[in-house]
>>> print(open('structure.cif').read())   # mmCIF, C-alpha atoms
data_entry
#
loop_
_atom_site.label_atom_id
_atom_site.label_comp_id
_atom_site.auth_asym_id
_atom_site.auth_seq_id
_atom_site.Cartn_x
_atom_site.Cartn_y
_atom_site.Cartn_z
CA MET Z 262 -8.01 7.62 -1.67
CA SER Z 263 -9.90 6.93 1.50
CA ASN Z 264 -9.31 9.24 4.40
CA ILE Z 265 -7.86 6.63 6.74
CA ALA Z 266 -5.18 5.72 4.17
CA VAL Z 267 -4.01 9.31 3.73
CA GLN Z 268 -4.04 9.95 7.47
CA ARG Z 269 -2.00 6.86 8.09
CA ILE Z 270 0.56 7.49 5.35
CA LYS Z 271 1.12 11.00 6.73
CA ARG Z 272 1.78 9.59 10.18
CA GLU Z 273 3.99 6.80 8.89
CA PHE Z 274 5.94 9.31 6.88
CA LYS Z 275 6.82 11.16 10.09
CA GLU Z 276 7.50 7.88 11.87
CA VAL Z 277 10.12 6.85 9.29
CA ALA Z 278 11.77 10.28 9.46
CA LYS Z 279 11.91 10.25 13.26
CA SER Z 280 12.90 6.60 13.67
CA GLU Z 281 16.35 5.53 14.73
CA GLU Z 282 16.92 3.90 11.35
CA GLY Z 283 15.79 7.06 9.58
CA ALA Z 284 18.27 9.12 11.56
CA LYS Z 285 21.06 6.76 10.51
CA CYS Z 286 19.90 7.07 6.87
CA GLU Z 287 19.25 3.34 6.71
CA ILE Z 288 15.69 3.85 5.52
CA ARG Z 289 13.97 6.82 3.90
CA VAL Z 290 10.71 7.61 2.16
CA GLU Z 291 9.79 10.52 -0.04
CA LEU Z 292 6.68 11.59 -1.88
CA VAL Z 293 6.32 11.16 -5.61
CA ASN Z 294 3.00 12.98 -5.98
CA ASP Z 295 0.80 15.03 -3.69
CA SER Z 296 -1.90 12.43 -3.29
CA PHE Z 297 0.14 10.05 -1.10
CA THR Z 298 -0.67 7.12 -3.40
CA GLU Z 299 2.85 6.67 -4.64
CA LEU Z 300 6.01 6.91 -2.60
CA ARG Z 301 9.68 6.36 -3.17
CA GLY Z 302 11.52 4.32 -0.57
CA GLU Z 303 15.22 3.96 -0.05
CA ILE Z 304 17.09 1.38 2.00
CA ALA Z 305 20.77 0.96 2.67
CA GLY Z 306 22.32 -2.40 1.88
CA PRO Z 307 22.89 -4.12 5.24
CA PRO Z 308 26.47 -4.56 6.48
CA ASP Z 309 28.25 -7.90 6.05
CA THR Z 310 26.27 -8.67 2.91
CA PRO Z 311 27.22 -8.22 -0.75
CA TYR Z 312 24.78 -5.30 -0.73
CA GLU Z 313 26.79 -3.27 1.80
CA GLY Z 314 27.40 0.30 0.72
CA GLY Z 315 24.59 0.27 -1.84
CA LYS Z 316 21.49 2.46 -1.84
CA TYR Z 317 18.38 0.74 -3.11
CA HIS Z 318 15.37 2.63 -4.40
CA LEU Z 319 11.93 1.13 -4.06
CA GLU Z 320 8.65 1.96 -5.70
CA ILE Z 321 5.83 1.94 -3.13
CA LYS Z 322 2.22 2.09 -4.34
CA VAL Z 323 -0.39 2.59 -1.64
CA PRO Z 324 -3.73 0.94 -2.50
CA GLU Z 325 -7.08 2.57 -1.88
CA THR Z 326 -7.78 -0.02 0.81
CA TYR Z 327 -4.59 0.61 2.78
CA PRO Z 328 -3.93 -0.39 5.60
CA PHE Z 329 -6.29 -3.31 5.19
CA ASN Z 330 -4.29 -4.45 2.18
CA PRO Z 331 -0.51 -4.27 1.81
CA PRO Z 332 1.32 -1.62 -0.19
CA LYS Z 333 2.76 -2.77 -3.53
CA VAL Z 334 6.53 -2.57 -3.35
CA ARG Z 335 9.20 -3.35 -5.94
CA PHE Z 336 12.87 -2.56 -6.42
CA ILE Z 337 13.69 0.18 -8.91
CA THR Z 338 17.42 -0.33 -8.41
CA LYS Z 339 18.61 -3.55 -10.03
CA ILE Z 340 19.67 -6.18 -7.52
CA TRP Z 341 20.98 -9.77 -7.64
CA HIS Z 342 19.05 -11.62 -4.94
CA PRO Z 343 17.17 -14.96 -4.93
CA ASN Z 344 13.91 -13.43 -3.68
CA ILE Z 345 13.92 -10.38 -5.94
CA SER Z 346 13.45 -10.51 -9.69
CA SER Z 347 16.61 -9.32 -11.43
CA VAL Z 348 14.42 -8.19 -14.33
CA THR Z 349 11.33 -6.53 -12.83
CA GLY Z 350 12.40 -5.92 -9.23
CA ALA Z 351 9.35 -7.81 -7.90
CA ILE Z 352 9.82 -8.91 -4.29
CA CYS Z 353 8.82 -12.28 -2.88
CA LEU Z 354 8.09 -11.47 0.74
CA ASP Z 355 5.20 -12.98 2.70
CA ILE Z 356 4.26 -9.79 4.56
CA LEU Z 357 3.69 -8.04 1.23
CA LYS Z 358 1.22 -10.79 0.35
CA ASP Z 359 -0.86 -13.02 2.60
CA GLN Z 360 1.02 -12.33 5.84
CA TRP Z 361 0.27 -8.62 5.77
CA ALA Z 362 -1.24 -7.23 8.97
CA ALA Z 363 -2.86 -3.83 9.34
CA ALA Z 364 -0.56 -2.80 12.18
CA MET Z 365 2.50 -2.93 9.91
CA THR Z 366 3.81 0.40 8.67
CA LEU Z 367 6.13 1.77 6.01
CA ARG Z 368 8.90 1.56 8.57
CA THR Z 369 8.38 -2.12 9.33
CA VAL Z 370 7.98 -2.91 5.63
CA LEU Z 371 11.26 -1.20 4.74
CA LEU Z 372 13.05 -2.90 7.64
CA SER Z 373 11.62 -6.26 6.59
CA ILE Z 374 12.90 -5.78 3.06
CA GLN Z 375 16.28 -4.77 4.44
CA ALA Z 376 16.26 -7.92 6.57
CA LEU Z 377 15.41 -9.96 3.48
CA LEU Z 378 18.64 -8.70 1.90
CA SER Z 379 20.65 -10.16 4.78
CA SER Z 380 18.79 -13.47 4.92
CA ALA Z 381 17.78 -14.80 1.53
CA GLU Z 382 15.37 -17.72 1.17
CA PRO Z 383 16.61 -19.60 -1.91
CA ASP Z 384 13.97 -22.31 -1.40
CA ASP Z 385 11.18 -19.82 -2.01
CA PRO Z 386 12.67 -17.92 -4.94
CA GLN Z 387 11.40 -15.07 -7.03
CA ASP Z 388 14.30 -15.34 -9.46
CA ALA Z 389 15.01 -19.01 -10.15
CA VAL Z 390 18.33 -18.36 -11.91
CA VAL Z 391 19.71 -16.39 -8.97
CA ALA Z 392 18.38 -18.94 -6.48
CA ARG Z 393 20.08 -21.80 -8.33
CA GLN Z 394 23.38 -19.92 -8.37
CA TYR Z 395 22.99 -19.14 -4.64
CA LYS Z 396 22.55 -22.83 -3.85
CA GLU Z 397 25.02 -24.34 -6.28
CA ASN Z 398 27.74 -21.75 -6.53
CA TYR Z 399 27.54 -19.45 -3.52
CA ASP Z 400 30.94 -17.90 -4.14
CA VAL Z 401 29.98 -16.76 -7.64
CA PHE Z 402 26.64 -15.55 -6.29
CA LEU Z 403 28.43 -13.32 -3.74
CA LYS Z 404 30.74 -11.88 -6.37
CA THR Z 405 27.86 -11.27 -8.77
CA ALA Z 406 25.67 -9.64 -6.12
CA ARG Z 407 28.56 -7.40 -5.10
CA PHE Z 408 29.22 -6.50 -8.74
CA TRP Z 409 25.56 -5.56 -9.28
CA CYS Z 410 25.68 -3.52 -6.08
CA SER Z 411 28.61 -1.44 -7.32
CA CYS Z 412 27.17 -1.27 -10.83
CA TYR Z 413 23.63 -0.17 -9.99
CA ALA Z 414 23.41 0.76 -6.29
CA GLY Z 415 26.43 3.02 -6.06
CA ALA Z 416 28.65 0.94 -3.80
CA PRO Z 417 32.41 1.47 -4.16
CA LYS Z 418 34.04 -0.70 -6.81
CA GLN Z 419 35.52 -3.96 -5.57
CA ALA Z 420 38.72 -5.59 -6.72
CA SER Z 421 38.32 -6.60 -10.33
CA ASN Z 422 37.22 -10.15 -10.99
CA GLY Z 423 37.73 -9.80 -14.69
CA PHE Z 424 34.00 -9.12 -15.00
CA GLU Z 425 34.50 -5.79 -16.79
CA GLU Z 426 36.66 -7.39 -19.47
CA LYS Z 427 34.05 -10.02 -20.16
CA ILE Z 428 31.32 -7.37 -20.39
CA LYS Z 429 33.46 -5.29 -22.72
CA TRP Z 430 34.10 -8.32 -24.89
CA LEU Z 431 30.35 -8.84 -25.33
CA THR Z 432 29.53 -5.16 -25.85
CA ASP Z 433 32.28 -4.95 -28.48
CA MET Z 434 30.46 -7.72 -30.27
CA GLY Z 435 27.37 -5.52 -30.34
CA ALA Z 436 25.47 -6.56 -27.21
CA ASN Z 437 23.69 -4.06 -25.00
CA GLU Z 438 25.64 -3.55 -21.76
CA GLN Z 439 22.73 -4.36 -19.42
CA VAL Z 440 21.88 -7.47 -21.42
CA ALA Z 441 25.55 -8.48 -21.34
CA ILE Z 442 25.71 -8.12 -17.55
CA ARG Z 443 22.51 -10.11 -17.06
CA THR Z 444 23.53 -12.88 -19.45
CA LEU Z 445 27.00 -13.19 -17.92
CA SER Z 446 25.54 -13.18 -14.38
CA SER Z 447 23.01 -15.86 -15.31
CA SER Z 448 25.68 -18.06 -16.86
CA SER Z 449 27.95 -17.60 -13.80
CA TRP Z 450 30.40 -15.49 -15.88
CA ASN Z 451 31.12 -18.29 -18.30
CA ILE Z 452 31.87 -16.26 -21.42
CA GLU Z 453 31.36 -19.12 -23.90
CA LYS Z 454 27.95 -19.89 -22.51
CA ALA Z 455 26.96 -16.21 -22.45
CA THR Z 456 28.16 -15.66 -26.01
CA GLU Z 457 26.25 -18.69 -27.18
CA GLU Z 458 23.10 -17.52 -25.44
CA LEU Z 459 23.39 -14.00 -26.84
CA PHE Z 460 24.37 -14.66 -30.41
CA SER Z 461 22.84 -17.96 -31.38
CA MET V 657 10.38 -16.48 5.08
CA ALA V 658 8.29 -15.86 8.10
CA ASP V 659 11.16 -16.88 10.38
CA ASN V 660 12.92 -13.70 9.45
CA PRO V 661 13.19 -12.10 12.90
CA GLU V 662 13.26 -8.52 11.67
CA ALA V 663 10.23 -9.08 9.54
CA MET V 664 7.91 -9.84 12.43
CA PRO V 665 5.88 -6.89 13.56
CA GLU V 666 5.67 -7.80 17.22
CA CYS V 667 9.08 -6.54 18.17
CA ASP V 668 8.36 -3.19 16.57
CA SER V 669 5.07 -2.68 18.28
CA GLU V 670 6.67 -3.63 21.60
CA SER V 671 9.47 -1.15 21.23
CA SER V 672 7.17 1.66 20.12
CA GLY V 673 4.96 0.89 23.10
CA ALA V 674 7.95 1.22 25.40
CA ARG V 675 8.99 4.47 23.82
CA SER V 676 5.54 5.95 24.01
CA ARG V 677 5.34 5.61 27.76
CA LYS V 678 7.41 8.69 28.43
CA PRO V 679 5.38 11.31 26.53
CA ALA V 680 2.14 9.85 27.90
CA SER V 681 3.06 11.06 31.37
CA ASN V 682 2.89 14.73 30.42
CA THR V 683 -0.40 14.58 28.58
CA ALA V 684 -1.90 17.14 30.93
CA THR V 685 0.23 19.91 29.47
CA GLU V 686 -0.56 19.17 25.82
CA GLN V 687 -4.09 18.02 25.94
CA SER V 688 -5.39 19.86 22.87
CA ASP V 689 -2.97 18.14 20.53
CA PRO V 690 -2.86 14.38 20.94
CA PRO V 691 0.66 13.67 22.13
CA GLU V 692 2.96 11.85 19.75
CA GLY V 693 3.22 8.19 20.57
CA SER V 694 0.22 8.10 22.86
CA MET V 695 -0.53 4.74 24.45
CA PHE V 696 -4.14 4.91 23.36
CA GLU V 697 -3.72 4.94 19.60
CA CYS V 698 -5.61 2.47 17.49
CA ASN V 699 -3.15 -0.01 16.02
CA ILE V 700 -4.81 0.28 12.62
CA CYS V 701 -5.55 3.97 11.95
CA LEU V 702 -2.83 5.16 14.37
CA ASP V 703 -5.27 7.78 15.68
CA THR V 704 -6.72 7.94 19.18
CA ALA V 705 -9.03 4.94 19.36
CA ARG V 706 -12.75 5.73 19.09
CA ASP V 707 -15.33 3.13 20.09
CA ALA V 708 -12.30 1.43 21.54
CA VAL V 709 -12.08 -2.32 21.84
CA VAL V 710 -9.25 -4.44 23.13
CA SER V 711 -8.52 -7.96 21.94
CA TYR V 712 -7.85 -10.82 24.36
CA CYS V 713 -4.19 -10.51 23.34
CA GLY V 714 -4.31 -6.96 24.70
CA HIS V 715 -4.15 -4.84 21.54
CA LEU V 716 -6.22 -1.69 21.24
CA PHE V 717 -8.26 -0.78 18.16
CA CYS V 718 -11.13 1.40 17.04
CA TRP V 719 -14.10 -0.89 16.62
CA PRO V 720 -14.72 0.37 13.03
CA CYS V 721 -11.08 -0.31 12.12
CA LEU V 722 -10.99 -3.80 13.63
CA HIS V 723 -14.36 -4.62 12.12
CA GLN V 724 -13.12 -3.65 8.66
CA TRP V 725 -9.91 -5.65 9.12
CA LEU V 726 -11.87 -8.77 10.04
CA GLU V 727 -14.25 -8.19 7.12
CA THR V 728 -11.35 -7.82 4.70
CA ARG V 729 -10.02 -11.30 5.49
CA PRO V 730 -12.93 -13.47 6.52
CA ASN V 731 -10.86 -16.65 6.37
CA ARG V 732 -7.88 -15.37 8.35
CA GLN V 733 -9.17 -13.84 11.57
CA MET V 734 -5.99 -12.70 13.27
CA CYS V 735 -4.80 -9.83 15.41
CA PRO V 736 -3.20 -7.18 13.18
CA VAL V 737 -0.40 -6.73 15.73
CA CYS V 738 0.55 -10.16 17.05
CA LYS V 739 -1.37 -12.45 14.67
CA ALA V 740 -3.14 -14.22 17.51
CA GLY V 741 -6.48 -15.72 16.57
CA ILE V 742 -9.31 -13.28 17.27
CA SER V 743 -12.94 -12.86 16.32
CA LYS V 744 -15.60 -10.18 16.37
CA ASP V 745 -17.22 -11.43 19.58
CA LYS V 746 -13.97 -11.95 21.40
CA VAL V 747 -13.11 -8.33 22.05
CA ILE V 748 -13.68 -6.26 25.13
CA PRO V 749 -15.24 -2.83 24.68
CA LEU V 750 -13.70 0.02 26.61
CA TYR V 751 -16.17 2.51 28.04
CA GLY V 752 -14.43 5.70 29.08
CA ARG V 753 -15.97 8.86 30.44
CA GLY V 754 -16.86 11.85 28.26
CA ASP V 755 -17.87 9.69 25.33
CA THR V 756 -19.86 12.02 23.07
CA LYS V 757 -22.02 10.37 20.46
CA HIS V 758 -22.48 12.51 17.39
CA GLU V 759 -22.54 10.05 14.55
CA ASP V 760 -25.07 9.43 11.84
CA PRO V 761 -27.08 6.38 12.89
CA ARG V 762 -27.34 5.30 9.22
CA GLU V 763 -23.59 4.83 9.05
CA ARG V 764 -23.42 2.74 12.17
CA LEU V 765 -21.62 -0.52 12.15
CA PRO V 766 -22.90 -3.47 14.09
CA PRO V 767 -22.43 -2.47 17.72
CA ARG V 768 -19.46 -3.57 19.71
CA PRO V 769 -20.03 -6.82 21.58
CA PRO V 770 -21.25 -6.03 25.10
CA GLY V 771 -18.94 -6.14 28.07
CA GLN V 772 -18.87 -9.38 30.05
CA ARG V 773 -20.27 -8.47 33.42
CA SER V 774 -20.85 -10.73 36.41
CA GLU V 775 -22.69 -9.91 39.63
CA PRO V 776 -20.45 -9.14 42.59
CA GLU V 777 -19.99 -11.96 45.11
CA ASN V 778 -22.82 -11.85 47.60
CA SER V 779 -21.49 -12.22 51.13
CA ALA V 780 -24.63 -10.84 52.85
CA GLY V 781 -25.98 -14.36 53.30
CA PHE V 782 -29.71 -14.85 53.88
CA SER V 783 -30.83 -11.27 53.31
CA SER V 784 -30.78 -11.60 49.54
CA PHE V 785 -33.11 -14.64 49.60
CA GLY V 786 -32.29 -15.42 46.02
CA LEU V 787 -34.81 -12.88 44.68
CA ASP V 788 -32.27 -10.92 42.71
CA GLY V 789 -30.78 -14.04 41.24
CA GLY V 790 -34.09 -15.29 39.80
CA PHE V 791 -37.25 -16.86 41.16
CA GLN V 792 -37.92 -20.54 40.91
CA MET V 793 -40.98 -22.59 41.81
CA SER V 794 -41.90 -26.17 41.12
CA PHE V 795 -44.93 -28.26 41.95
CA GLY V 796 -46.22 -31.66 40.93
CA ILE V 797 -46.90 -35.20 41.90
CA GLY V 798 -44.16 -37.69 41.84
CA ALA V 799 -41.48 -39.20 43.92
CA PHE V 800 -37.97 -37.96 43.92
CA PRO V 801 -36.35 -39.54 40.87
CA PHE V 802 -39.43 -39.12 38.70
CA GLY V 803 -39.61 -35.42 38.43
CA PHE V 804 -40.70 -35.68 34.85
CA PHE V 805 -44.33 -35.45 35.81
CA ALA V 806 -43.75 -32.32 37.71
CA SER V 807 -44.22 -29.06 35.93
CA SER V 808 -41.90 -26.26 36.79
CA LEU V 809 -42.16 -22.53 36.68
CA ASN V 810 -38.77 -21.05 36.26
CA PHE V 811 -37.94 -17.40 35.91
CA GLY V 812 -34.56 -15.92 35.27
CA ASP V 813 -33.10 -19.36 35.21
CA MET V 814 -31.21 -20.31 32.11
CA ARG V 815 -31.59 -23.94 31.26
CA PRO V 816 -29.08 -25.45 28.94
CA ALA V 817 -30.40 -25.40 25.39
CA SER V 818 -31.67 -28.69 24.06
CA PRO V 819 -29.30 -30.30 21.63
CA GLN V 820 -29.76 -30.00 17.89
CA PRO V 821 -32.22 -32.60 16.56
CA GLY V 822 -30.50 -35.38 14.73
CA THR V 823 -27.34 -35.34 16.77
CA PRO V 824 -26.45 -38.47 18.79
CA GLN V 825 -26.91 -36.48 21.99
CA SER V 826 -30.55 -35.64 21.24
CA GLU V 827 -31.28 -39.28 20.30
CA GLN V 828 -29.78 -40.39 23.58
CA GLU V 829 -31.84 -37.91 25.53
CA GLN V 830 -35.03 -38.95 23.79
CA PHE V 831 -34.28 -42.58 24.55
CA LEU V 832 -33.65 -41.75 28.20
CA SER V 833 -36.88 -39.79 28.53
CA LYS V 834 -38.84 -42.71 27.05
CA VAL V 835 -37.24 -45.11 29.53
CA PHE V 836 -38.12 -42.86 32.46
CA LEU V 837 -41.68 -42.42 31.13
CA TRP V 838 -42.20 -46.19 31.14
CA VAL V 839 -40.68 -46.55 34.58
CA ALA V 840 -43.04 -43.85 35.87
CA ILE V 841 -46.11 -45.50 34.27
CA LEU V 842 -45.17 -48.83 35.78
CA PHE V 843 -44.70 -47.17 39.17
CA ILE V 844 -48.15 -45.53 39.04
CA LEU V 845 -49.78 -48.78 37.95
CA TRP V 846 -48.08 -50.49 40.85
CA LEU V 847 -49.44 -47.80 43.19
CA PHE V 848 -52.97 -48.43 41.92
CA LEU V 849 -52.69 -52.19 42.18
CA ALA V 850 -51.05 -52.22 45.57
#
>>> encode(input="structure.cif", output="structure tokens")
Amino acid sequence: MSNIAVQRIKREFKEVAKSEEGAKCEIRVELVNDSFTELRGEIAGPPDTPYEGGKYHLEIKVPETYPFNPPKVRFITKIWHPNISSVTGAICLDILKDQWAAAMTLRTVLLSIQALLSSAEPDDPQDAVVARQYKENYDVFLKTARFWCSCYAGAPKQASNGFEEKIKWLTDMGANEQVAIRTLSSSSWNIEKATEELFS
Amino acid sequence: MADNPEAMPECDSESSGARSRKPASNTATEQSDPPEGSMFECNICLDTARDAVVSYCGHLFCWPCLHQWLETRPNRQMCPVCKAGISKDKVIPLYGRGDTKHEDPRERLPPRPPGQRSEPENSAGFSSFGLDGGFQMSFGIGAFPFGFFASSLNFGDMRPASPQPGTPQSEQEQFLSKVFLWVAILFILWLFLA
């Protein structure tokens, strides 16, 4: 990796650790290998969102041409959000694409992703199914996002919505648990629809 | 998605600039190690800016860093900090003291654009006699409006460049010069006849 990229990542690493947000454990980065090409990010789900209380892990890949090109970031932790793929974790965020500027840092990228969690853009979706649910059935979207947060991001369990029973019903029929959760979430927890989709 | 207030980089750079002001005041005590959060860091490599240039929007960069940024995105020439429109010629070089050149000339980038420098206002009046501002001399035959027959010797005097051939402006100018040529010929004929 070019020298400027390594130098910068080292500095940004310190910046995140020393930042106000880092001190409050809202954002964090750690090394995956010694070459500074791959990092692991962590952001806290912002308050007053269905992601509150969750810890989200991100895969950050630093390109050779950093900082002239943006880092490649995706969610490792599963998340239910219109601008993040519920399958791959790919993020639809302009600053990670054409709006990248060389003065942005790991800190600003992590804060931008955290801000994306509190203000979704359903009209520019990454996950069309989630975006449709967000627009047409916001209440179910909130419940689903909160359920995914407690399921995958370690947030405390919320009052039961009967979601567990529906998942158990599908897994008892032989479905994989993850597949059951995704299918139920996509069909807005309509068990007939989910069953039909899974077993027909 | 760009209207996401947190996502914009400006606010961050502003706040880090404000924070950095404090440590910059005690640079004298820690000169060997560049102080953390120095005001004079390049906004791209985050190191002390070398061959420093500043954009019209006021952001400091190393010239090699800014040059590479502008090369990376030839169709989107914008400031990496505030996304103002910038270009390679629209930056101001900063010439500090103690600038030691020890680089390989083969690896040199195109040089920084030169500083814009204007002569100081001359209040001394007649003593300068216009010799430092350029020397100008004209001679020729012809009455006042028909200076076209006069040849001029101009030094140090920039004339506006002639317009590109083919443009409407150059056609207009050619037409005008023909008109004046005919007027002048008629005038001379009249002088002979009279």
>>> resolve_selection(input="structure.cif", expression="the PyMOL selection byres ((chain Z) within 10 of (chain V))", output="ChimeraX atom specification")
/Z:264-270,272-273,276,280,326-330,344,353-356,359-366,368-377,379-385
>>> resolve_selection(input="structure.cif", expression="the PyMOL selection byres ((chain Z and resi 289) around 8)", output="count of residues only")
11
>>> residues_around(input="structure.cif", residues="segment 411-413 of chain Z", least_positions_apart="2", cutoff="12 Å", atoms="only C-alpha atoms", output="MDAnalysis selection string")
chainID Z and resid 306 311:318 336:341 347 404:409 415:421 424:425 438:439 442:443
>>> atom_distance(input="structure.cif", atom1="atom CA of Ser448 of chain Z", atom2="atom CA of Gln394 of chain Z")
9.0 Å
>>> atom_distance(input="structure.cif", atom1="atom CA of Ile345 of chain Z", atom2="atom CA of Phe402 of chain Z")
13.7 Å
>>> atom_distance(input="structure.cif", atom1="atom CA of Asn398 of chain Z", atom2="atom CA of Leu319 of chain Z")
27.9 Å
>>> closest_residue(input="structure.cif", among="Z:Leu357, Z:Pro386, Z:Ala284, Z:Leu378", to="Pro308 of chain Z", atoms="only C-alpha atoms")
Z:Leu378
